[in-house]
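File shown: run_36.csv (CSV, C-alpha atoms).
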```csv
chain,number,residue,atom,x,y,z
R,45,MET,CA,0.0,0.0,0.0
R,46,THR,CA,1.3,3.5,-0.9
R,47,ARG,CA,2.1,5.4,2.2
R,48,ILE,CA,0.4,8.8,2.4
R,49,VAL,CA,1.5,11.6,4.8
R,50,ALA,CA,0.2,15.0,5.9
R,51,THR,CA,2.9,17.6,5.4
R,52,GLY,CA,0.8,20.7,6.1
R,53,ALA,CA,-2.4,21.9,7.7
R,54,GLY,CA,-4.4,25.1,7.3
R,55,VAL,CA,-7.1,25.8,9.8
R,56,LEU,CA,-9.7,28.5,10.5
R,57,ALA,CA,-11.9,27.5,13.4
R,58,SER,CA,-13.2,29.0,16.6
R,59,PRO,CA,-10.1,28.0,18.7
R,60,GLY,CA,-7.8,29.9,16.3
R,61,VAL,CA,-6.5,30.7,12.8
R,62,GLY,CA,-3.4,28.7,11.6
R,63,ARG,CA,-2.3,25.3,12.8
R,64,GLU,CA,-0.3,26.4,15.8
R,65,GLU,CA,-2.9,28.9,17.1
R,66,PHE,CA,-5.7,26.3,16.5
R,67,TRP,CA,-3.8,23.6,18.4
R,68,ARG,CA,-3.1,25.8,21.4
R,69,GLY,CA,-6.8,26.7,21.4
R,70,ILE,CA,-7.9,23.1,21.3
R,71,LEU,CA,-5.6,22.1,24.2
R,72,ALA,CA,-7.0,25.0,26.2
R,73,GLY,CA,-10.6,24.0,25.5
R,74,GLY,CA,-11.4,26.6,22.9
R,75,ARG,CA,-12.8,30.1,23.0
R,76,GLY,CA,-16.4,29.0,23.3
R,77,PRO,CA,-19.4,30.0,21.2
R,78,SER,CA,-20.5,33.6,20.6
R,79,LYS,CA,-23.7,35.4,19.5
R,80,VAL,CA,-24.7,35.1,15.9
R,81,ALA,CA,-23.3,37.9,13.8
R,82,GLY,CA,-24.2,38.7,10.2
R,83,TRP,CA,-27.9,37.6,10.0
R,84,THR,CA,-31.1,37.9,12.0
R,85,LEU,CA,-32.3,34.9,14.1
R,86,ARG,CA,-35.8,33.6,13.8
R,87,PRO,CA,-37.9,34.2,16.9
R,88,GLY,CA,-37.0,31.8,19.7
R,89,ALA,CA,-33.9,30.3,18.0
R,90,PRO,CA,-30.7,29.8,20.0
R,91,GLU,CA,-28.3,32.7,19.5
R,92,LEU,CA,-24.9,30.9,20.1
R,93,VAL,CA,-22.7,29.5,17.4
R,94,PHE,CA,-19.0,28.9,16.9
R,95,GLN,CA,-17.4,31.6,14.7
R,96,VAL,CA,-13.9,32.1,13.4
R,97,PRO,CA,-12.0,34.9,15.3
R,98,GLU,CA,-11.3,38.0,13.3
R,99,PHE,CA,-8.3,38.0,11.0
R,100,ASP,CA,-6.9,40.3,8.4
R,101,THR,CA,-8.1,38.9,5.1
R,102,LYS,CA,-5.9,41.2,3.1
R,103,THR,CA,-2.8,39.3,4.4
R,104,TRP,CA,-3.8,36.5,2.0
R,105,ILE,CA,-6.1,38.0,-0.6
R,106,ALA,CA,-5.9,41.2,-2.6
R,107,PRO,CA,-8.6,43.7,-1.7
R,108,ALA,CA,-9.9,43.7,-5.3
R,109,ALA,CA,-10.4,39.9,-5.2
R,110,ILE,CA,-12.1,40.0,-1.8
R,111,ARG,CA,-15.1,41.9,-3.2
R,112,ARG,CA,-16.1,39.0,-5.5
R,113,LEU,CA,-15.8,36.4,-2.8
R,114,ASP,CA,-18.3,35.1,-0.2
R,115,ARG,CA,-17.2,34.0,3.2
R,116,THR,CA,-16.6,30.3,2.2
R,117,GLY,CA,-14.5,31.4,-0.7
R,118,ILE,CA,-12.4,33.5,1.6
R,119,PHE,CA,-12.1,30.6,4.1
R,120,ALA,CA,-11.0,28.2,1.3
R,121,ILE,CA,-8.3,30.5,0.0
R,122,VAL,CA,-6.9,31.4,3.4
R,123,ALA,CA,-6.9,27.8,4.7
R,124,ALA,CA,-5.3,26.5,1.5
R,125,LYS,CA,-2.5,29.2,1.6
R,126,LEU,CA,-1.9,28.4,5.2
R,127,ALA,CA,-1.7,24.7,4.5
R,128,LEU,CA,0.6,25.2,1.4
R,129,ALA,CA,2.9,27.4,3.4
R,130,ASP,CA,3.0,25.0,6.3
R,131,ALA,CA,4.0,22.2,3.9
R,132,ARG,CA,6.4,24.4,2.0
R,133,LEU,CA,5.0,22.9,-1.1
R,134,ASP,CA,6.8,23.7,-4.4
R,135,LEU,CA,5.5,21.4,-7.1
R,136,PRO,CA,4.2,21.8,-10.6
R,137,LEU,CA,0.7,23.1,-10.1
R,138,HIS,CA,-0.9,20.7,-12.6
R,139,ARG,CA,0.2,17.8,-10.4
R,140,VAL,CA,-1.6,19.2,-7.3
R,141,ALA,CA,-5.2,18.1,-6.6
R,142,ILE,CA,-8.0,20.0,-4.7
R,143,VAL,CA,-10.6,17.9,-3.0
R,144,VAL,CA,-13.1,19.9,-0.8
R,145,GLY,CA,-15.8,18.5,1.5
R,146,ALA,CA,-18.6,21.1,1.4
R,147,GLY,CA,-20.8,21.8,4.4
R,148,GLY,CA,-23.6,23.8,2.9
R,149,CYS,CA,-21.2,26.1,1.1
R,150,GLY,CA,-22.8,28.9,-0.8
R,151,VAL,CA,-26.2,28.6,0.9
R,152,THR,CA,-26.2,32.2,2.2
R,153,THR,CA,-25.0,33.6,-1.2
R,154,THR,CA,-27.5,31.4,-3.1
R,155,THR,CA,-30.5,32.4,-1.0
R,156,GLY,CA,-29.6,36.1,-1.1
R,157,PHE,CA,-29.1,35.9,-4.9
R,158,HIS,CA,-32.5,34.3,-5.5
R,159,ARG,CA,-34.3,36.6,-3.1
R,160,ARG,CA,-33.0,39.6,-5.0
R,161,LEU,CA,-33.9,38.0,-8.2
R,162,VAL,CA,-37.5,37.5,-7.0
R,163,GLU,CA,-37.8,40.9,-5.4
R,164,THR,CA,-36.6,42.7,-8.5
R,165,ALA,CA,-38.7,40.4,-10.8
R,166,GLY,CA,-35.5,39.3,-12.5
R,167,THR,CA,-34.4,42.8,-13.5
R,168,ASP,CA,-31.5,43.2,-11.1
R,169,PRO,CA,-29.6,40.0,-10.5
R,170,ASN,CA,-26.2,40.4,-8.8
R,171,PRO,CA,-23.6,39.2,-11.3
R,172,MET,CA,-20.8,39.3,-8.7
R,173,ALA,CA,-22.8,36.9,-6.5
R,174,PHE,CA,-23.7,34.4,-9.2
R,175,PRO,CA,-20.4,32.5,-9.4
R,176,ASN,CA,-20.6,31.7,-5.7
R,177,THR,CA,-24.1,30.1,-5.8
R,178,VAL,CA,-22.9,26.6,-6.4
R,179,PRO,CA,-21.5,24.2,-3.8
R,180,ASN,CA,-18.1,23.8,-5.6
R,181,ALA,CA,-17.5,27.6,-5.8
R,182,ALA,CA,-15.0,27.4,-2.9
R,183,ALA,CA,-12.9,24.8,-4.6
R,184,GLY,CA,-12.9,26.8,-7.8
R,185,GLN,CA,-12.0,30.1,-6.0
R,186,LEU,CA,-9.2,28.2,-4.3
R,187,ALA,CA,-7.8,27.0,-7.6
R,188,ILE,CA,-8.0,30.6,-9.1
R,189,ALA,CA,-6.2,32.1,-6.1
R,190,THR,CA,-3.4,29.5,-5.9
R,191,GLY,CA,-3.0,28.7,-9.6
R,192,ILE,CA,-3.5,25.0,-8.9
R,193,THR,CA,-4.7,23.3,-12.2
R,194,GLY,CA,-4.8,19.6,-11.2
R,195,PHE,CA,-7.8,17.4,-10.3
R,196,ASN,CA,-10.5,19.5,-8.7
R,197,THR,CA,-13.7,18.3,-7.1
R,198,THR,CA,-16.2,18.9,-4.3
R,199,LEU,CA,-17.9,16.3,-2.2
R,200,VAL,CA,-21.0,16.5,0.0
R,201,GLN,CA,-21.5,13.6,2.3
R,202,THR,CA,-23.4,15.1,5.3
R,203,GLY,CA,-21.3,15.0,8.5
R,204,ALA,CA,-18.5,12.9,6.9
R,205,SER,CA,-17.8,15.4,4.0
R,206,GLY,CA,-14.4,16.4,5.3
R,207,GLU,CA,-13.3,12.8,5.9
R,208,GLU,CA,-14.6,11.7,2.5
R,209,ALA,CA,-12.5,14.5,0.8
R,210,LEU,CA,-9.3,13.3,2.6
R,211,VAL,CA,-9.9,9.7,1.6
R,212,LEU,CA,-10.5,10.5,-2.1
R,213,ALA,CA,-7.3,12.6,-2.0
R,214,ALA,CA,-5.4,9.7,-0.6
R,215,ASP,CA,-6.7,7.4,-3.3
R,216,LEU,CA,-5.7,9.9,-6.0
R,217,LEU,CA,-2.2,9.9,-4.6
R,218,ALA,CA,-2.0,6.1,-4.4
R,219,GLN,CA,-3.2,5.9,-8.1
R,220,GLY,CA,-0.5,8.4,-9.2
R,221,ARG,CA,-3.1,10.9,-10.5
R,222,CYS,CA,-1.4,13.7,-8.5
R,223,ASP,CA,1.7,14.3,-6.5
R,224,ALA,CA,0.1,16.3,-3.7
R,225,ALA,CA,-3.4,17.2,-2.7
R,226,VAL,CA,-5.1,19.9,-0.7
R,227,ALA,CA,-8.0,18.3,1.0
R,228,GLY,CA,-10.5,18.7,3.8
R,229,GLY,CA,-13.7,20.5,4.6
R,230,ILE,CA,-15.3,23.9,4.8
R,231,ASP,CA,-18.5,24.9,6.7
R,232,GLU,CA,-20.4,28.2,6.6
R,233,LEU,CA,-23.1,29.4,9.0
R,234,SER,CA,-26.4,30.0,7.4
R,235,SER,CA,-29.7,31.2,8.8
R,236,MET,CA,-31.6,28.5,6.8
R,237,MET,CA,-29.6,25.6,8.3
R,238,HIS,CA,-29.7,27.1,11.8
R,239,HIS,CA,-33.4,27.5,11.6
R,240,ALA,CA,-34.0,24.0,10.3
R,241,LEU,CA,-31.9,22.4,13.1
R,242,HIS,CA,-33.7,24.5,15.7
R,243,ARG,CA,-37.1,23.4,14.4
R,244,LEU,CA,-35.8,19.8,14.6
R,245,GLY,CA,-34.8,20.3,18.2
R,246,GLY,CA,-31.1,19.6,17.6
R,247,LEU,CA,-29.5,22.9,18.9
R,248,SER,CA,-28.4,23.7,22.4
R,249,ARG,CA,-29.0,27.1,23.9
R,250,THR,CA,-26.1,26.9,26.3
R,251,ALA,CA,-23.1,24.8,25.2
R,252,CYS,CA,-21.9,21.9,23.1
R,253,ARG,CA,-21.2,19.2,25.6
R,254,PRO,CA,-20.1,15.9,23.9
R,255,PHE,CA,-20.4,12.8,26.2
R,256,ASP,CA,-21.8,14.9,29.1
R,257,ARG,CA,-25.0,14.1,31.0
R,258,ALA,CA,-26.2,17.6,30.5
R,259,ALA,CA,-25.8,17.5,26.7
R,260,ASP,CA,-28.9,19.0,25.2
R,261,GLY,CA,-28.0,19.5,21.5
R,262,THR,CA,-25.2,20.6,19.3
R,263,MET,CA,-24.0,24.0,18.0
R,264,LEU,CA,-23.3,25.0,14.4
R,265,ALA,CA,-19.9,26.3,13.4
R,266,GLU,CA,-18.1,28.0,10.5
R,267,ASP,CA,-14.7,26.6,9.8
R,268,ALA,CA,-12.2,25.4,7.3
R,269,GLY,CA,-9.6,22.6,7.7
R,270,LEU,CA,-7.4,21.7,4.7
R,271,ILE,CA,-4.6,19.2,4.8
R,272,VAL,CA,-1.7,18.8,2.3
R,273,LEU,CA,-1.2,15.1,1.6
R,274,GLU,CA,1.7,13.6,-0.3
R,275,ARG,CA,3.2,10.2,-0.9
R,276,LEU,CA,5.8,9.5,1.9
R,277,GLY,CA,8.6,8.8,-0.6
R,278,ASP,CA,8.0,12.1,-2.4
R,279,ALA,CA,7.9,14.1,0.8
R,280,LYS,CA,11.2,12.6,1.9
R,281,LYS,CA,12.8,13.4,-1.5
R,282,ARG,CA,12.0,17.1,-1.1
R,283,GLY,CA,13.0,17.1,2.6
R,284,ALA,CA,9.5,17.8,3.8
R,285,ARG,CA,8.4,17.3,7.4
R,286,ALA,CA,5.7,14.6,7.8
R,287,LEU,CA,3.2,15.5,10.5
R,288,ALA,CA,1.3,12.2,10.4
R,289,GLU,CA,0.6,9.3,8.2
R,290,LEU,CA,-2.8,8.5,6.8
R,291,ALA,CA,-2.5,4.8,7.3
R,292,GLY,CA,-5.9,3.6,6.3
R,293,TYR,CA,-9.7,4.2,6.2
R,294,GLY,CA,-13.0,2.4,6.4
R,295,ARG,CA,-16.5,3.2,5.3
R,296,ALA,CA,-19.9,1.8,6.2
R,297,SER,CA,-23.4,2.8,5.1
R,298,SER,CA,-26.6,1.7,6.6
R,299,PRO,CA,-30.4,2.3,6.1
R,300,ALA,CA,-31.4,5.4,8.0
R,301,ARG,CA,-34.0,8.1,7.7
R,302,PRO,CA,-32.7,11.2,5.9
R,303,LEU,CA,-32.1,13.2,9.2
R,304,ALA,CA,-31.2,10.2,11.4
R,305,TYR,CA,-27.9,8.4,12.1
R,306,GLY,CA,-27.5,4.8,11.3
R,307,PRO,CA,-27.0,2.1,13.9
R,308,ALA,CA,-23.9,2.1,16.1
R,309,ALA,CA,-22.9,-1.2,14.6
R,310,ALA,CA,-22.2,0.6,11.3
R,311,ALA,CA,-19.9,3.1,13.0
R,312,ALA,CA,-18.0,0.2,14.6
R,313,SER,CA,-17.8,-1.6,11.3
R,314,ALA,CA,-16.2,1.5,9.7
R,315,ILE,CA,-13.6,1.7,12.5
R,316,GLU,CA,-12.8,-2.0,12.2
R,317,SER,CA,-12.4,-1.7,8.4
R,318,ALA,CA,-10.1,1.2,8.8
R,319,LEU,CA,-7.9,-0.7,11.3
R,320,ALA,CA,-7.7,-3.7,9.0
R,321,ARG,CA,-6.8,-1.6,6.0
R,322,ALA,CA,-4.1,0.2,8.1
R,323,GLY,CA,-2.8,-3.0,9.6
R,324,VAL,CA,-3.2,-1.5,13.1
R,325,ALA,CA,-4.4,-3.6,16.0
R,326,ALA,CA,-7.2,-2.2,18.3
R,327,SER,CA,-4.7,-2.4,21.2
R,328,ASP,CA,-2.4,0.0,19.3
R,329,VAL,CA,-5.0,2.8,19.1
R,330,ALA,CA,-4.3,5.5,21.7
R,331,TRP,CA,-7.0,8.0,20.9
R,332,VAL,CA,-10.4,8.1,19.2
R,333,ASN,CA,-11.1,11.5,17.7
R,334,SER,CA,-14.9,11.0,17.9
R,335,ALA,CA,-17.8,12.5,15.9
R,336,ALA,CA,-19.8,12.9,19.1
R,337,ASN,CA,-21.5,16.4,19.0
R,338,GLY,CA,-24.0,16.6,21.8
R,339,VAL,CA,-26.6,14.7,19.8
R,340,SER,CA,-24.9,11.6,18.5
R,341,ASP,CA,-23.0,10.8,21.8
R,342,ALA,CA,-24.8,7.6,22.7
R,343,ARG,CA,-24.3,6.1,19.2
R,344,CYS,CA,-20.6,7.1,19.1
R,345,ALA,CA,-20.0,5.7,22.6
R,346,ALA,CA,-21.6,2.4,21.7
R,347,ALA,CA,-19.4,2.1,18.6
R,348,ILE,CA,-16.3,2.9,20.5
R,349,ARG,CA,-17.1,0.4,23.2
R,350,ALA,CA,-17.6,-2.3,20.5
R,351,ALA,CA,-14.5,-1.5,18.4
R,352,LEU,CA,-12.0,0.3,20.7
R,353,PRO,CA,-13.0,-0.1,24.3
R,354,ARG,CA,-9.5,0.6,25.7
R,355,ALA,CA,-8.7,3.8,23.8
R,356,ALA,CA,-8.8,7.3,25.2
R,357,VAL,CA,-11.7,9.3,23.7
R,358,SER,CA,-12.5,13.0,23.1
R,359,SER,CA,-14.3,15.1,20.6
R,360,VAL,CA,-13.4,18.5,19.1
R,361,ALA,CA,-17.1,19.5,18.9
R,362,GLY,CA,-17.0,21.0,22.4
R,363,SER,CA,-14.4,23.6,21.3
R,364,CYS,CA,-15.1,23.8,17.6
R,365,GLY,CA,-18.9,23.2,17.1
R,366,GLU,CA,-20.5,21.0,14.5
R,367,GLY,CA,-20.7,21.2,10.7
R,368,LEU,CA,-21.3,19.0,7.7
R,369,ALA,CA,-17.6,19.2,6.8
R,370,ILE,CA,-16.1,19.6,10.3
R,371,GLY,CA,-14.0,16.5,9.4
R,372,GLY,CA,-11.4,18.8,7.9
R,373,VAL,CA,-11.0,20.4,11.3
R,374,ARG,CA,-11.1,17.0,13.0
R,375,ALA,CA,-8.3,16.0,10.7
R,376,ALA,CA,-6.2,19.0,11.6
R,377,ALA,CA,-6.6,18.0,15.3
R,378,SER,CA,-5.7,14.4,14.5
R,379,VAL,CA,-2.6,15.5,12.6
R,380,CYS,CA,-1.5,17.9,15.3
R,381,ALA,CA,-2.1,15.2,18.0
R,382,VAL,CA,0.2,12.8,16.2
R,383,ALA,CA,2.9,15.5,15.5
R,384,GLU,CA,2.8,16.8,19.1
R,385,ALA,CA,2.2,13.3,20.7
R,386,THR,CA,-0.6,14.8,22.7
R,387,ILE,CA,-4.3,14.0,23.1
R,388,PRO,CA,-6.6,17.0,23.4
R,389,PRO,CA,-9.4,17.2,26.0
R,390,VAL,CA,-13.2,17.2,25.5
R,391,ALA,CA,-14.3,20.8,26.2
R,392,ASN,CA,-17.3,21.3,28.5
R,393,LEU,CA,-17.2,17.8,30.0
R,394,ARG,CA,-18.5,18.1,33.6
R,395,GLU,CA,-20.3,14.8,34.3
R,396,PRO,CA,-19.5,11.9,31.9
R,397,ALA,CA,-22.5,10.1,30.7
R,398,PHE,CA,-20.7,7.0,29.4
R,399,GLU,CA,-18.2,4.5,30.6
R,400,LEU,CA,-15.3,5.5,28.4
R,401,ASP,CA,-11.8,6.7,29.0
R,402,LEU,CA,-12.9,10.3,28.3
R,403,VAL,CA,-10.0,12.8,28.2
R,404,ARG,CA,-10.6,15.8,30.5
R,405,GLU,CA,-7.1,17.2,30.4
R,406,ALA,CA,-4.5,16.9,27.7
R,407,ARG,CA,-2.3,13.8,28.0
R,408,PRO,CA,0.5,12.1,26.1
R,409,LEU,CA,-0.3,10.2,22.9
R,410,LYS,CA,1.4,6.9,22.6
R,411,GLY,CA,-0.1,5.1,19.6
R,412,ALA,CA,-2.4,5.5,16.6
R,413,VAL,CA,-5.4,7.8,16.2
R,414,VAL,CA,-8.8,6.8,14.8
R,415,GLN,CA,-10.8,9.7,13.5
R,416,HIS,CA,-14.5,9.1,13.0
R,417,GLY,CA,-16.9,11.0,10.8
R,418,ALA,CA,-20.6,10.4,10.8
R,419,GLY,CA,-23.4,11.7,8.7
R,420,THR,CA,-27.2,11.5,8.9
R,421,GLY,CA,-28.8,9.3,6.4
R,422,GLY,CA,-26.5,6.4,7.4
R,423,VAL,CA,-22.9,7.1,6.5
R,424,ASP,CA,-19.8,6.5,8.6
R,425,LEU,CA,-16.1,6.9,7.7
R,426,ALA,CA,-13.1,6.3,9.9
R,427,ILE,CA,-9.5,7.3,9.2
R,428,VAL,CA,-6.4,5.9,11.0
R,429,TRP,CA,-3.5,8.3,11.6
R,430,ARG,CA,-0.2,7.4,13.0
R,431,SER,CA,3.4,8.6,13.2
R,432,HIS,CA,5.2,7.9,9.9
R,433,ALA,CA,8.4,6.7,11.5
```
Transcribe the structure of this file into structure tokens.
Amino acid sequence: MTRIVATGAGVLASPGVGREEFWRGILAGGRGPSKVAGWTLRPGAPELVFQVPEFDTKTWIAPAAIRRLDRTGIFAIVAAKLALADARLDLPLHRVAIVVGAGGCGVTTTTGFHRRLVETAGTDPNPMAFPNTVPNAAAGQLAIATGITGFNTTLVQTGASGEEALVLAADLLAQGRCDAAVAGGIDELSSMMHHALHRLGGLSRTACRPFDRAADGTMLAEDAGLIVLERLGDAKKRGARALAELAGYGRASSPARPLAYGPAAAAASAIESALARAGVAASDVAWVNSAANGVSDARCAAAIRAALPRAAVSSVAGSCGEGLAIGGVRAAASVCAVAEATIPPVANLREPAFELDLVREARPLKGAVVQHGAGTGGVDLAIVWRSHA
């Protein structure tokens, strides 16, 4: 099997901007949620969400270009440039792939565009907004900004979109279809998704508390997490530092209602398949980077008890929030954990609700990492990360 490694990570998430700031924030439990900014809440809706801290966009994007971008396009470009700089990547741009997991990208722009179209009876559409009204706009804007001309695609796989993008990128590298890939996930906050989850009873008004007895829902987030992946041999030839190895992955799908998760057995199956593909024993897994988000906790706990009962467990949702493509940020946490040999804690964990080795304070990492992504409708994807040495 071709060995694939992460050589760079670009992150924009509530705990921080950039790999190092993000990692410090994760270890400290994050900045916490803040009041919605940028759109009006529906009456009675929770007002707390996870937002990216302010940063100077002009550091990465020319002012003239900023005017034609929406927020997801900006996130994509900044995260990619951070990841490429972190990897110190200098390869022919036609041999670099872009694989983005989209979490509702373009929803705000699209709804605004169509509202204006209706309100003006079609006489005054906004031509600057139109290119950003498709889910793959962020990947396209990323390519324009970086000059990357290789394979370019966007995936939407509900809560496992970020993981799915990373797995496809690893497959492209293994098949020789590219020499490096920028892959991960991007989430935007939108009033439509927020209102829908509120009506479904899935949002907390107070905090996102994975694995806690007081968990009463999740919280939406905006974020971007993009990882530079390369073949290990190529990374060594150019003297690149390998942060972590993507050793294997496993998928499982199961019958489920459109807005429901599948059975815990499917999640356990995905984890077991990933371990088998990676050639890693369950006893060698030190940390499960769980998809638990304050709603899916019982399911995730049951899967972990079945597949990895001795591993330490935490979730980044308490410090980062939840999104359809939060797997990109989860991957950044996995890569940082391997590179720094440290397991991050679960934020907001006061009274554990499950008999698991839940991490309440950062501790040393001695072994492999299993990252779990789960989506409603019955999809699970697990990725095994480990030291490349």
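Closest approach to R:Val339 among R:Gly60, R:Pro179, R:Gly73, R:Gly261 is made by R:Gly261 (distances from all atoms listed in the file).
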ask   = Pick the closest to R:Leu303 from R:Leu244, R:Leu217, R:Leu210, R:Ile105: which is it, counting all atoms listed in the file?
value = R:Leu244
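Atom pair atom CA of R:Leu402 / atom CA of R:Leu352: separated by 12.6 Å.
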request  = Give the answer as one residue: which of R:Ser340, R:Thr420, R:Thr386, R:Thr116 has the shortest atom-to-atom distance to R:Ala406, using only C-alpha atoms?
outcome  = R:Thr386
ask   = Which one of R:Val428, R:Lys102, R:Gly269, R:Ala308 sits closest to R:Ala325 if you count all atoms listed in the file?
value = R:Val428
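If you measure from each of R:Val200, R:Ile370, R:Ala240, R:Val140 to R:Ala265 using only C-alpha atoms, the closest one turns out to be R:Ile370.
Take the candidates R:Ala284, R:Val423, R:Ile118, R:Ala141 and check each one against R:Ala189 using only C-alpha atoms; the shortest distance goes to R:Ile118.
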Since the input is missing atoms, can you rebuild N, CA, C and O atoms for stretch 366-380 of chain R and write them as a PDB file, in the coordinates of the input?
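Saved the output as out-v6.pdb:
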```
ATOM      1  N   GLU R 366     -20.153  22.058  15.398  1.00  0.00           N
ATOM      2  CA  GLU R 366     -20.500  21.000  14.500  1.00  0.00           C
ATOM      3  C   GLU R 366     -20.782  21.585  13.081  1.00  0.00           C
ATOM      4  O   GLU R 366     -21.277  22.703  12.947  1.00  0.00           O
ATOM      5  N   GLY R 367     -20.456  20.816  12.057  1.00  0.00           N
ATOM      6  CA  GLY R 367     -20.700  21.200  10.700  1.00  0.00           C
ATOM      7  C   GLY R 367     -20.725  19.976   9.797  1.00  0.00           C
ATOM      8  O   GLY R 367     -20.224  18.926  10.190  1.00  0.00           O
ATOM      9  N   LEU R 368     -21.261  20.106   8.603  1.00  0.00           N
ATOM     10  CA  LEU R 368     -21.300  19.000   7.700  1.00  0.00           C
ATOM     11  C   LEU R 368     -19.897  18.549   7.247  1.00  0.00           C
ATOM     12  O   LEU R 368     -19.674  17.391   6.897  1.00  0.00           O
ATOM     13  N   ALA R 369     -18.960  19.497   7.260  1.00  0.00           N
ATOM     14  CA  ALA R 369     -17.600  19.200   6.800  1.00  0.00           C
ATOM     15  C   ALA R 369     -16.579  19.446   7.913  1.00  0.00           C
ATOM     16  O   ALA R 369     -15.404  19.699   7.639  1.00  0.00           O
ATOM     17  N   ILE R 370     -17.017  19.349   9.177  1.00  0.00           N
ATOM     18  CA  ILE R 370     -16.100  19.600  10.300  1.00  0.00           C
ATOM     19  C   ILE R 370     -14.986  18.553  10.328  1.00  0.00           C
ATOM     20  O   ILE R 370     -13.984  18.729  11.027  1.00  0.00           O
ATOM     21  N   GLY R 371     -15.092  17.493   9.521  1.00  0.00           N
ATOM     22  CA  GLY R 371     -14.000  16.500   9.400  1.00  0.00           C
ATOM     23  C   GLY R 371     -12.701  17.063   9.015  1.00  0.00           C
ATOM     24  O   GLY R 371     -11.645  16.508   9.347  1.00  0.00           O
ATOM     25  N   GLY R 372     -12.709  18.179   8.276  1.00  0.00           N
ATOM     26  CA  GLY R 372     -11.400  18.800   7.900  1.00  0.00           C
ATOM     27  C   GLY R 372     -10.744  19.358   9.163  1.00  0.00           C
ATOM     28  O   GLY R 372      -9.521  19.237   9.309  1.00  0.00           O
ATOM     29  N   VAL R 373     -11.514  19.958  10.063  1.00  0.00           N
ATOM     30  CA  VAL R 373     -11.000  20.400  11.300  1.00  0.00           C
ATOM     31  C   VAL R 373     -10.597  19.276  12.234  1.00  0.00           C
ATOM     32  O   VAL R 373      -9.566  19.302  12.915  1.00  0.00           O
ATOM     33  N   ARG R 374     -11.450  18.222  12.238  1.00  0.00           N
ATOM     34  CA  ARG R 374     -11.100  17.000  13.000  1.00  0.00           C
ATOM     35  C   ARG R 374      -9.756  16.468  12.543  1.00  0.00           C
ATOM     36  O   ARG R 374      -8.928  16.026  13.345  1.00  0.00           O
ATOM     37  N   ALA R 375      -9.547  16.470  11.221  1.00  0.00           N
ATOM     38  CA  ALA R 375      -8.300  16.000  10.700  1.00  0.00           C
ATOM     39  C   ALA R 375      -7.102  16.812  11.129  1.00  0.00           C
ATOM     40  O   ALA R 375      -6.024  16.285  11.446  1.00  0.00           O
ATOM     41  N   ALA R 376      -7.287  18.118  11.163  1.00  0.00           N
ATOM     42  CA  ALA R 376      -6.200  19.000  11.600  1.00  0.00           C
ATOM     43  C   ALA R 376      -5.869  18.647  13.090  1.00  0.00           C
ATOM     44  O   ALA R 376      -4.690  18.605  13.469  1.00  0.00           O
ATOM     45  N   ALA R 377      -6.897  18.373  13.908  1.00  0.00           N
ATOM     46  CA  ALA R 377      -6.600  18.000  15.300  1.00  0.00           C
ATOM     47  C   ALA R 377      -5.924  16.632  15.357  1.00  0.00           C
ATOM     48  O   ALA R 377      -5.011  16.436  16.169  1.00  0.00           O
ATOM     49  N   SER R 378      -6.319  15.692  14.492  1.00  0.00           N
ATOM     50  CA  SER R 378      -5.700  14.400  14.500  1.00  0.00           C
ATOM     51  C   SER R 378      -4.191  14.519  14.089  1.00  0.00           C
ATOM     52  O   SER R 378      -3.309  13.922  14.719  1.00  0.00           O
ATOM     53  N   VAL R 379      -3.922  15.298  13.062  1.00  0.00           N
ATOM     54  CA  VAL R 379      -2.600  15.500  12.600  1.00  0.00           C
ATOM     55  C   VAL R 379      -1.700  16.172  13.644  1.00  0.00           C
ATOM     56  O   VAL R 379      -0.549  15.782  13.901  1.00  0.00           O
ATOM     57  N   CYS R 380      -2.273  17.208  14.280  1.00  0.00           N
ATOM     58  CA  CYS R 380      -1.500  17.900  15.300  1.00  0.00           C
ATOM     59  C   CYS R 380      -1.266  16.963  16.517  1.00  0.00           C
ATOM     60  O   CYS R 380      -0.178  16.997  17.113  1.00  0.00           O
TER      61      CYS R 380
END
```
